Number of protein chains: 2
Amino acid sequence: MDTLEQGRCENCIIRQLNSLKALSKSELKAISDSKTTKSIKKGDTIFTEGENLNGVFCVRNGVTKLSKLSANGKDQIVKLAKKGEVLGQRSVIANQKTNLAAIALKDMEVCFIPKHKLNESINNNIEFTKEILLKMTDELKFANDMIMDLSQKTVKQRVAQILLYLNNSFDKDDEGFIGLYLTRNDISDIVGTAKEACIRTLTELKNEGFIFTQGKRIKILKPKSLLHFINGI
Amino acid sequence: MDTLEQGRCENCIIRQLNSLKALSKSELKAISDSKTTKSIKKGDTIFTEGENLNGVFCVRNGVTKLSKLSANGKDQIVKLAKKGEVLGQRSVIANQKTNLAAIALKDMEVCFIPKHKLNESINNNIEFTKEILLKMTDELKFANDMIMDLSQKTVKQRVAQILLYLNNSFDKDDEGFIGLYLTRNDISDIVGTAKEACIRTLTELKNEGFIFTQGKRIKILKPKSLLHFINGI
DNA sequence: CGACCGCTTGAAACCAATCAAAAAATGTGG
DNA sequence: CCACATTTTTTGATTGGTTTCAAGCGGTCG
């Protein structure tokens, strides 16, 4: 993990995307002075499960998966985080070891903000704390929905749902494919299913004309019908 | 839902169990004056999914399930809440409709605290806000674990896990059974499985000497071996 | 190595029927 | 009219059988 000198938080547009937008000029200055910017290569680990974090990571660029290893050795991806997301927030606030691992899916640039700076703002700026709280409620709702989907939907519906989510969350590449190229393994780790089942489902969806695939690249052809299918219509 | 006159928040021991413990004397007084206490019978609905809440419910007594209805008509129980839990917090803070329904599993007593009182304290008392934030991180972690379990564990392991959870969370009755009598339907709604599979699993666990059942009542005989089994040993 | 395919096996959903227990309604004597 | 026993109804638990779904494994291909 490379550490390089970077711009000032005050000028960083990324912060508009997250709770940091609630910070004052002076708070931003203070954070800017103590932060370090790291560049992370695809496949690199930002932190592992059970680690003690001394701060949070603000994603400036790239994508990471947040996953949890199960007893039987299979990963479950709980969330994908891209530009604007803050990693490790839960652990730092709760003052607990991380319950998730973060591994880059694309080359990334992240800013590390030390714990004490974060806590300082949490303790003094109620707007900031409220923003984090709001963010947390979002994540909780997302998790609740995921619980529902895992227990009630078929693998095919879940795969379709993930594809649609990826389609809405990541820019398309030049040829209209979803701009995040995931391995089948990663997809199955999100869906919570065996790799083969996931692959089969993808080819099914392809044969049915919902999607088009080319290696790792996936293009959604009929988002609306896909949505109907997901909801069982 | 009956409304009856009740004691003062200042004297209520329940608040030691939740974020309300961070409130000052005067804040508690203000909340006490605007709160109403309701008594709710087993099976009654506290709120439904998609409702707009004007406040939160602090559980003084009893147990409720928080569930979500899926497209195919099956409920998924996301959480059980007992004494000390605050219901509707997420929706009120995020200013959104509820994403869960709350139905009493036992006779309950809850205090309704209006939204504006809650927001007042959130806006003025940073310790309070931090407490709520902490609570939220807990719930998020719990939800993440649930996601893992649902996708990676067998029905039998999940059933065992729920039983152990119930065993640890609810007092025993006079004869040593878990003090919360759930129908098989409710258990399967927690586990995220069909009723029959759940029943079969229970009889299996019974035959294997892990548990003893008598109607709705369940007694855990070997918590340790059960734990080993859950973790796949 | 990652993507893909075929095949087998096991697990869990789904369906239908029976059985048991609890709750509601009814009836009877005091 | 009430206390209490009795019947009826409803609800939930259980079991058997069938079908569907997805996991697991082996193997091919680019």
# chains A, B, ... in the order shown; residues from 1 in each chain; ligands from 1

$ select_by_dssp --residues "segment 69-135 of chain B" --states "strand (DSSP E)" --output "PDB file with N, CA, C and O atoms, in the first residue's frame"
ATOM      1  N   LEU B  69     -42.649  -8.541   5.020  1.00  0.00           N
ATOM      2  CA  LEU B  69     -43.415  -9.457   4.180  1.00  0.00           C
ATOM      3  C   LEU B  69     -42.756  -9.547   2.807  1.00  0.00           C
ATOM      4  O   LEU B  69     -42.466  -8.529   2.182  1.00  0.00           O
ATOM      5  N   ASP B  75     -43.497 -14.242   5.697  1.00  0.00           N
ATOM      6  CA  ASP B  75     -42.850 -13.263   6.563  1.00  0.00           C
ATOM      7  C   ASP B  75     -41.411 -13.655   6.829  1.00  0.00           C
ATOM      8  O   ASP B  75     -41.094 -14.839   6.918  1.00  0.00           O
ATOM      9  N   GLN B  76     -40.574 -12.658   6.947  1.00  0.00           N
ATOM     10  CA  GLN B  76     -39.216 -12.900   7.438  1.00  0.00           C
ATOM     11  C   GLN B  76     -39.040 -12.077   8.701  1.00  0.00           C
ATOM     12  O   GLN B  76     -39.164 -10.846   8.661  1.00  0.00           O
ATOM     13  N   ILE B  77     -38.785 -12.744   9.802  1.00  0.00           N
ATOM     14  CA  ILE B  77     -38.532 -12.018  11.039  1.00  0.00           C
ATOM     15  C   ILE B  77     -37.081 -11.579  11.056  1.00  0.00           C
ATOM     16  O   ILE B  77     -36.182 -12.400  10.925  1.00  0.00           O
ATOM     17  N   VAL B  78     -36.868 -10.286  11.204  1.00  0.00           N
ATOM     18  CA  VAL B  78     -35.528  -9.729  11.122  1.00  0.00           C
ATOM     19  C   VAL B  78     -34.916  -9.600  12.512  1.00  0.00           C
ATOM     20  O   VAL B  78     -33.706  -9.634  12.685  1.00  0.00           O
ATOM     21  N   LYS B  79     -35.790  -9.508  13.498  1.00  0.00           N
ATOM     22  CA  LYS B  79     -35.287  -9.215  14.839  1.00  0.00           C
ATOM     23  C   LYS B  79     -36.384  -9.456  15.871  1.00  0.00           C
ATOM     24  O   LYS B  79     -37.564  -9.299  15.576  1.00  0.00           O
ATOM     25  N   LEU B  80     -35.992  -9.853  17.055  1.00  0.00           N
ATOM     26  CA  LEU B  80     -36.926  -9.892  18.171  1.00  0.00           C
ATOM     27  C   LEU B  80     -36.528  -8.776  19.129  1.00  0.00           C
ATOM     28  O   LEU B  80     -35.347  -8.570  19.387  1.00  0.00           O
ATOM     29  N   ALA B  81     -37.499  -8.062  19.630  1.00  0.00           N
ATOM     30  CA  ALA B  81     -37.185  -6.965  20.544  1.00  0.00           C
ATOM     31  C   ALA B  81     -37.876  -7.186  21.875  1.00  0.00           C
ATOM     32  O   ALA B  81     -39.054  -7.496  21.934  1.00  0.00           O
ATOM     33  N   LYS B  82     -37.084  -7.007  22.939  1.00  0.00           N
ATOM     34  CA  LYS B  82     -37.671  -7.173  24.264  1.00  0.00           C
ATOM     35  C   LYS B  82     -37.431  -5.918  25.105  1.00  0.00           C
ATOM     36  O   LYS B  82     -36.996  -4.885  24.566  1.00  0.00           O
ATOM     37  N   VAL B  86     -35.799  -0.042  21.592  1.00  0.00           N
ATOM     38  CA  VAL B  86     -36.600   1.050  21.072  1.00  0.00           C
ATOM     39  C   VAL B  86     -37.019   0.715  19.641  1.00  0.00           C
ATOM     40  O   VAL B  86     -36.174   0.440  18.793  1.00  0.00           O
ATOM     41  N   LEU B  87     -38.304   0.711  19.405  1.00  0.00           N
ATOM     42  CA  LEU B  87     -38.826   0.327  18.090  1.00  0.00           C
ATOM     43  C   LEU B  87     -39.051   1.556  17.217  1.00  0.00           C
ATOM     44  O   LEU B  87     -39.516   2.584  17.704  1.00  0.00           O
ATOM     45  N   ALA B 101     -42.628  -4.509  10.113  1.00  0.00           N
ATOM     46  CA  ALA B 101     -43.841  -4.506  10.921  1.00  0.00           C
ATOM     47  C   ALA B 101     -43.495  -5.021  12.301  1.00  0.00           C
ATOM     48  O   ALA B 101     -42.579  -5.825  12.455  1.00  0.00           O
ATOM     49  N   ALA B 102     -44.218  -4.537  13.316  1.00  0.00           N
ATOM     50  CA  ALA B 102     -43.978  -5.005  14.684  1.00  0.00           C
ATOM     51  C   ALA B 102     -45.247  -5.627  15.239  1.00  0.00           C
ATOM     52  O   ALA B 102     -46.278  -4.963  15.320  1.00  0.00           O
ATOM     53  N   ILE B 103     -45.184  -6.888  15.597  1.00  0.00           N
ATOM     54  CA  ILE B 103     -46.333  -7.601  16.157  1.00  0.00           C
ATOM     55  C   ILE B 103     -45.919  -8.257  17.468  1.00  0.00           C
ATOM     56  O   ILE B 103     -44.888  -8.926  17.534  1.00  0.00           O
ATOM     57  N   ALA B 104     -46.749  -8.052  18.487  1.00  0.00           N
ATOM     58  CA  ALA B 104     -46.409  -8.538  19.826  1.00  0.00           C
ATOM     59  C   ALA B 104     -46.454 -10.056  19.902  1.00  0.00           C
ATOM     60  O   ALA B 104     -47.393 -10.680  19.430  1.00  0.00           O
ATOM     61  N   MET B 108     -47.619  -6.783  26.015  1.00  0.00           N
ATOM     62  CA  MET B 108     -46.550  -5.801  26.150  1.00  0.00           C
ATOM     63  C   MET B 108     -47.015  -4.504  26.786  1.00  0.00           C
ATOM     64  O   MET B 108     -48.195  -4.180  26.776  1.00  0.00           O
ATOM     65  N   GLU B 109     -46.018  -3.791  27.283  1.00  0.00           N
ATOM     66  CA  GLU B 109     -46.229  -2.414  27.706  1.00  0.00           C
ATOM     67  C   GLU B 109     -45.169  -1.588  27.011  1.00  0.00           C
ATOM     68  O   GLU B 109     -43.979  -1.886  27.128  1.00  0.00           O
ATOM     69  N   VAL B 110     -45.579  -0.608  26.255  1.00  0.00           N
ATOM     70  CA  VAL B 110     -44.605   0.222  25.553  1.00  0.00           C
ATOM     71  C   VAL B 110     -44.907   1.692  25.808  1.00  0.00           C
ATOM     72  O   VAL B 110     -46.055   2.069  26.047  1.00  0.00           O
ATOM     73  N   CYS B 111     -43.855   2.493  25.787  1.00  0.00           N
ATOM     74  CA  CYS B 111     -44.032   3.935  25.893  1.00  0.00           C
ATOM     75  C   CYS B 111     -43.822   4.558  24.522  1.00  0.00           C
ATOM     76  O   CYS B 111     -42.812   4.292  23.871  1.00  0.00           O
ATOM     77  N   PHE B 112     -44.757   5.353  24.118  1.00  0.00           N
ATOM     78  CA  PHE B 112     -44.638   6.042  22.843  1.00  0.00           C
ATOM     79  C   PHE B 112     -44.003   7.411  23.071  1.00  0.00           C
ATOM     80  O   PHE B 112     -44.506   8.206  23.858  1.00  0.00           O
ATOM     81  N   ILE B 113     -42.906   7.668  22.415  1.00  0.00           N
ATOM     82  CA  ILE B 113     -42.222   8.956  22.541  1.00  0.00           C
ATOM     83  C   ILE B 113     -42.308   9.685  21.213  1.00  0.00           C
ATOM     84  O   ILE B 113     -41.827   9.178  20.197  1.00  0.00           O
ATOM     85  N   PRO B 114     -42.948  10.857  21.199  1.00  0.00           N
ATOM     86  CA  PRO B 114     -43.169  11.540  19.924  1.00  0.00           C
ATOM     87  C   PRO B 114     -41.860  11.951  19.255  1.00  0.00           C
ATOM     88  O   PRO B 114     -40.875  12.278  19.918  1.00  0.00           O
TER      89      PRO B 114
END

$ select_by_dssp --residues "segment 25-226 of chain B" --states "alpha helix (DSSP H)" --output "JSON, numbers by chain"
{"B": [25, 26, 27, 28, 29, 30, 31, 32, 33, 34, 89, 90, 91, 92, 93, 94, 115, 116, 117, 118, 119, 120, 121, 122, 123, 124, 126, 127, 128, 129, 130, 131, 132, 133, 134, 135, 136, 137, 138, 139, 140, 141, 142, 143, 144, 145, 146, 147, 148, 149, 150, 151, 152, 155, 156, 157, 158, 159, 160, 161, 162, 163, 164, 165, 166, 167, 168, 169, 184, 185, 186, 187, 188, 189, 190, 191, 195, 196, 197, 198, 199, 200, 201, 202, 203, 204, 205, 206, 207, 223, 224, 225, 226]}

$ residues_around --residues "segment 15-30 of chain D" --least-positions-apart "3" --cutoff "8 Å" --atoms "only C-alpha atoms (C1' of nucleotides)" --output "PDB file with C-alpha atoms (C1' of nucleotides), in the first residue's frame"
ATOM      1  CA  ALA A 194     -22.054 -21.860  -5.281  1.00  0.00           C
ATOM      2  CA  ALA A 197     -25.083 -22.331  -9.839  1.00  0.00           C
TER       3      ALA A 197
ATOM      4  C1'  DA C  13     -39.779 -26.481  -0.784  1.00  0.00           C
ATOM      5  C1'  DC C  14     -44.232 -27.593  -1.765  1.00  0.00           C
TER       6       DC C  14
END

$ interface_residues --of "chain A" --to "chain B" --cutoff "8 Å" --atoms "only C-alpha atoms" --output "tab-separated table (two decimals) with N, CA, C and O atoms, in the first residue's frame"
chain	number	residue	atom	x	y	z
A	68	LYS	N	-16.93	-11.30	4.49
A	68	LYS	CA	-16.85	-12.02	5.75
A	68	LYS	C	-16.60	-13.47	5.41
A	68	LYS	O	-17.24	-14.02	4.51
A	70	SER	N	-16.79	-17.37	6.07
A	70	SER	CA	-17.61	-18.29	6.86
A	70	SER	C	-16.78	-19.48	7.33
A	70	SER	O	-15.66	-19.69	6.87
A	71	ALA	N	-17.35	-20.24	8.24
A	71	ALA	CA	-16.66	-21.39	8.82
A	71	ALA	C	-16.21	-22.36	7.74
A	71	ALA	O	-15.12	-22.92	7.79
A	72	ASN	N	-17.03	-22.55	6.71
A	72	ASN	CA	-16.68	-23.51	5.67
A	72	ASN	C	-15.75	-22.93	4.61
A	72	ASN	O	-15.53	-23.54	3.56
A	74	LYS	N	-15.99	-20.23	2.74
A	74	LYS	CA	-16.54	-19.44	1.63
A	74	LYS	C	-16.73	-17.99	2.08
A	74	LYS	O	-17.14	-17.72	3.19
A	76	GLN	N	-18.54	-14.35	2.03
A	76	GLN	CA	-19.82	-13.72	1.72
A	76	GLN	C	-19.56	-12.23	1.59
A	76	GLN	O	-19.09	-11.59	2.55
A	78	VAL	N	-20.72	-8.66	1.68
A	78	VAL	CA	-21.84	-8.01	2.34
A	78	VAL	C	-22.17	-6.69	1.65
A	78	VAL	O	-23.30	-6.22	1.66
A	90	ARG	N	-18.09	1.58	11.08
A	90	ARG	CA	-18.78	0.85	12.13
A	90	ARG	C	-17.82	0.41	13.23
A	90	ARG	O	-18.06	0.64	14.42
A	93	ILE	N	-16.38	3.45	15.29
A	93	ILE	CA	-17.37	4.05	16.18
A	93	ILE	C	-17.70	3.13	17.35
A	93	ILE	O	-17.78	3.55	18.49
A	94	ALA	N	-17.87	1.85	17.04
A	94	ALA	CA	-18.22	0.91	18.10
A	94	ALA	C	-16.98	0.53	18.91
A	94	ALA	O	-17.10	-0.15	19.91
A	99	ASN	N	-15.54	-6.47	11.58
A	99	ASN	CA	-16.24	-7.74	11.34
A	99	ASN	C	-16.22	-8.09	9.86
A	99	ASN	O	-16.79	-9.07	9.44
A	122	ILE	N	-17.00	13.79	15.85
A	122	ILE	CA	-18.24	13.17	16.33
A	122	ILE	C	-18.65	13.80	17.66
A	122	ILE	O	-19.84	14.04	17.91
A	123	ASN	N	-17.67	14.09	18.49
A	123	ASN	CA	-17.97	14.63	19.81
A	123	ASN	C	-18.36	16.10	19.79
A	123	ASN	O	-18.97	16.59	20.74
A	124	ASN	N	-17.99	16.80	18.74
A	124	ASN	CA	-18.20	18.25	18.74
A	124	ASN	C	-19.18	18.76	17.71
A	124	ASN	O	-19.76	19.82	17.88
A	126	ILE	N	-22.51	18.06	15.97
A	126	ILE	CA	-23.68	17.19	16.01
A	126	ILE	C	-24.24	16.92	14.61
A	126	ILE	O	-24.80	15.87	14.35
A	127	GLU	N	-24.06	17.86	13.72
A	127	GLU	CA	-24.53	17.64	12.35
A	127	GLU	C	-23.78	16.48	11.71
A	127	GLU	O	-24.36	15.67	10.99
A	129	THR	N	-22.32	13.97	13.33
A	129	THR	CA	-22.78	12.74	13.97
A	129	THR	C	-24.12	12.30	13.39
A	129	THR	O	-24.36	11.12	13.14
A	130	LYS	N	-24.97	13.28	13.15
A	130	LYS	CA	-26.28	12.95	12.58
A	130	LYS	C	-26.14	12.38	11.17
A	130	LYS	O	-26.88	11.45	10.80
A	132	ILE	N	-23.65	10.69	10.01
A	132	ILE	CA	-23.18	9.31	10.14
A	132	ILE	C	-24.34	8.40	10.54
A	132	ILE	O	-24.51	7.30	10.01
A	133	LEU	N	-25.12	8.91	11.46
A	133	LEU	CA	-26.29	8.14	11.92
A	133	LEU	C	-27.20	7.83	10.74
A	133	LEU	O	-27.68	6.70	10.57
A	134	LEU	N	-27.43	8.81	9.92
A	134	LEU	CA	-28.29	8.63	8.75
A	134	LEU	C	-27.70	7.57	7.82
A	134	LEU	O	-28.42	6.70	7.32
A	136	MET	N	-25.82	5.21	8.63
A	136	MET	CA	-25.96	3.92	9.30
A	136	MET	C	-27.37	3.35	9.11
A	136	MET	O	-27.53	2.14	8.92
A	137	THR	N	-28.36	4.21	9.17
A	137	THR	CA	-29.73	3.72	8.97
A	137	THR	C	-29.89	3.18	7.56
A	137	THR	O	-30.59	2.20	7.34
A	138	ASP	N	-29.26	3.83	6.60
A	138	ASP	CA	-29.31	3.33	5.23
A	138	ASP	C	-28.73	1.93	5.13
A	138	ASP	O	-29.31	1.05	4.52
A	139	GLU	N	-27.58	1.78	5.73
A	139	GLU	CA	-26.90	0.49	5.65
A	139	GLU	C	-27.73	-0.59	6.32
A	139	GLU	O	-27.80	-1.72	5.84
A	140	LEU	N	-28.36	-0.20	7.42
A	140	LEU	CA	-29.18	-1.17	8.14
A	140	LEU	C	-30.37	-1.61	7.28
A	140	LEU	O	-30.69	-2.80	7.20
A	141	LYS	N	-30.97	-0.66	6.64
A	141	LYS	CA	-32.11	-0.99	5.78
A	141	LYS	C	-31.65	-1.89	4.64
A	141	LYS	O	-32.31	-2.88	4.30
A	143	ALA	N	-29.17	-3.91	4.66
A	143	ALA	CA	-28.90	-5.23	5.21
A	143	ALA	C	-30.19	-6.00	5.45
A	143	ALA	O	-30.29	-7.19	5.15
A	144	ASN	N	-31.20	-5.31	5.95
A	144	ASN	CA	-32.48	-5.97	6.18
A	144	ASN	C	-33.07	-6.48	4.87
A	144	ASN	O	-33.61	-7.59	4.81
A	146	MET	N	-31.43	-7.31	2.28
A	146	MET	CA	-30.60	-8.42	1.84
A	146	MET	C	-31.01	-9.70	2.56
A	146	MET	O	-31.04	-10.77	1.96
A	147	ILE	N	-31.31	-9.58	3.84
A	147	ILE	CA	-31.76	-10.73	4.62
A	147	ILE	C	-33.00	-11.34	3.98
A	147	ILE	O	-33.10	-12.54	3.76
A	148	MET	N	-33.94	-10.47	3.68
A	148	MET	CA	-35.17	-10.90	3.01
A	148	MET	C	-34.86	-11.64	1.72
A	148	MET	O	-35.36	-12.74	1.47
A	150	LEU	N	-32.15	-13.01	0.55
A	150	LEU	CA	-31.43	-14.27	0.69
A	150	LEU	C	-32.36	-15.39	1.08
A	150	LEU	O	-32.23	-16.51	0.60
A	151	SER	N	-33.30	-15.08	1.96
A	151	SER	CA	-34.11	-16.18	2.47
A	151	SER	C	-35.33	-16.45	1.60
A	151	SER	O	-35.89	-17.52	1.66
A	152	GLN	N	-35.74	-15.50	0.81
A	152	GLN	CA	-37.00	-15.69	0.10
A	152	GLN	C	-36.87	-15.82	-1.41
A	152	GLN	O	-37.76	-16.35	-2.07
A	192	GLY	N	-24.39	-15.32	-2.55
A	192	GLY	CA	-24.43	-16.31	-1.49
A	192	GLY	C	-24.78	-17.67	-2.03
A	192	GLY	O	-25.64	-18.37	-1.51
A	193	THR	N	-24.08	-18.07	-3.09
A	193	THR	CA	-24.41	-19.32	-3.76
A	193	THR	C	-23.13	-19.97	-4.27
A	193	THR	O	-22.07	-19.36	-4.25
A	231	ASN	N	-39.10	-9.50	-9.04
A	231	ASN	CA	-40.23	-9.39	-8.13
A	231	ASN	C	-41.28	-10.46	-8.37
A	231	ASN	O	-42.38	-10.38	-7.84
A	232	GLY	N	-40.93	-11.42	-9.19
A	232	GLY	CA	-41.79	-12.58	-9.36
A	232	GLY	C	-43.04	-12.32	-10.17
A	232	GLY	O	-44.12	-12.81	-9.83

$ atom_distance --atom1 "atom CA of Thr64 of chain B" --atom2 "atom CA of Gly179 of chain B"
13.6 Å
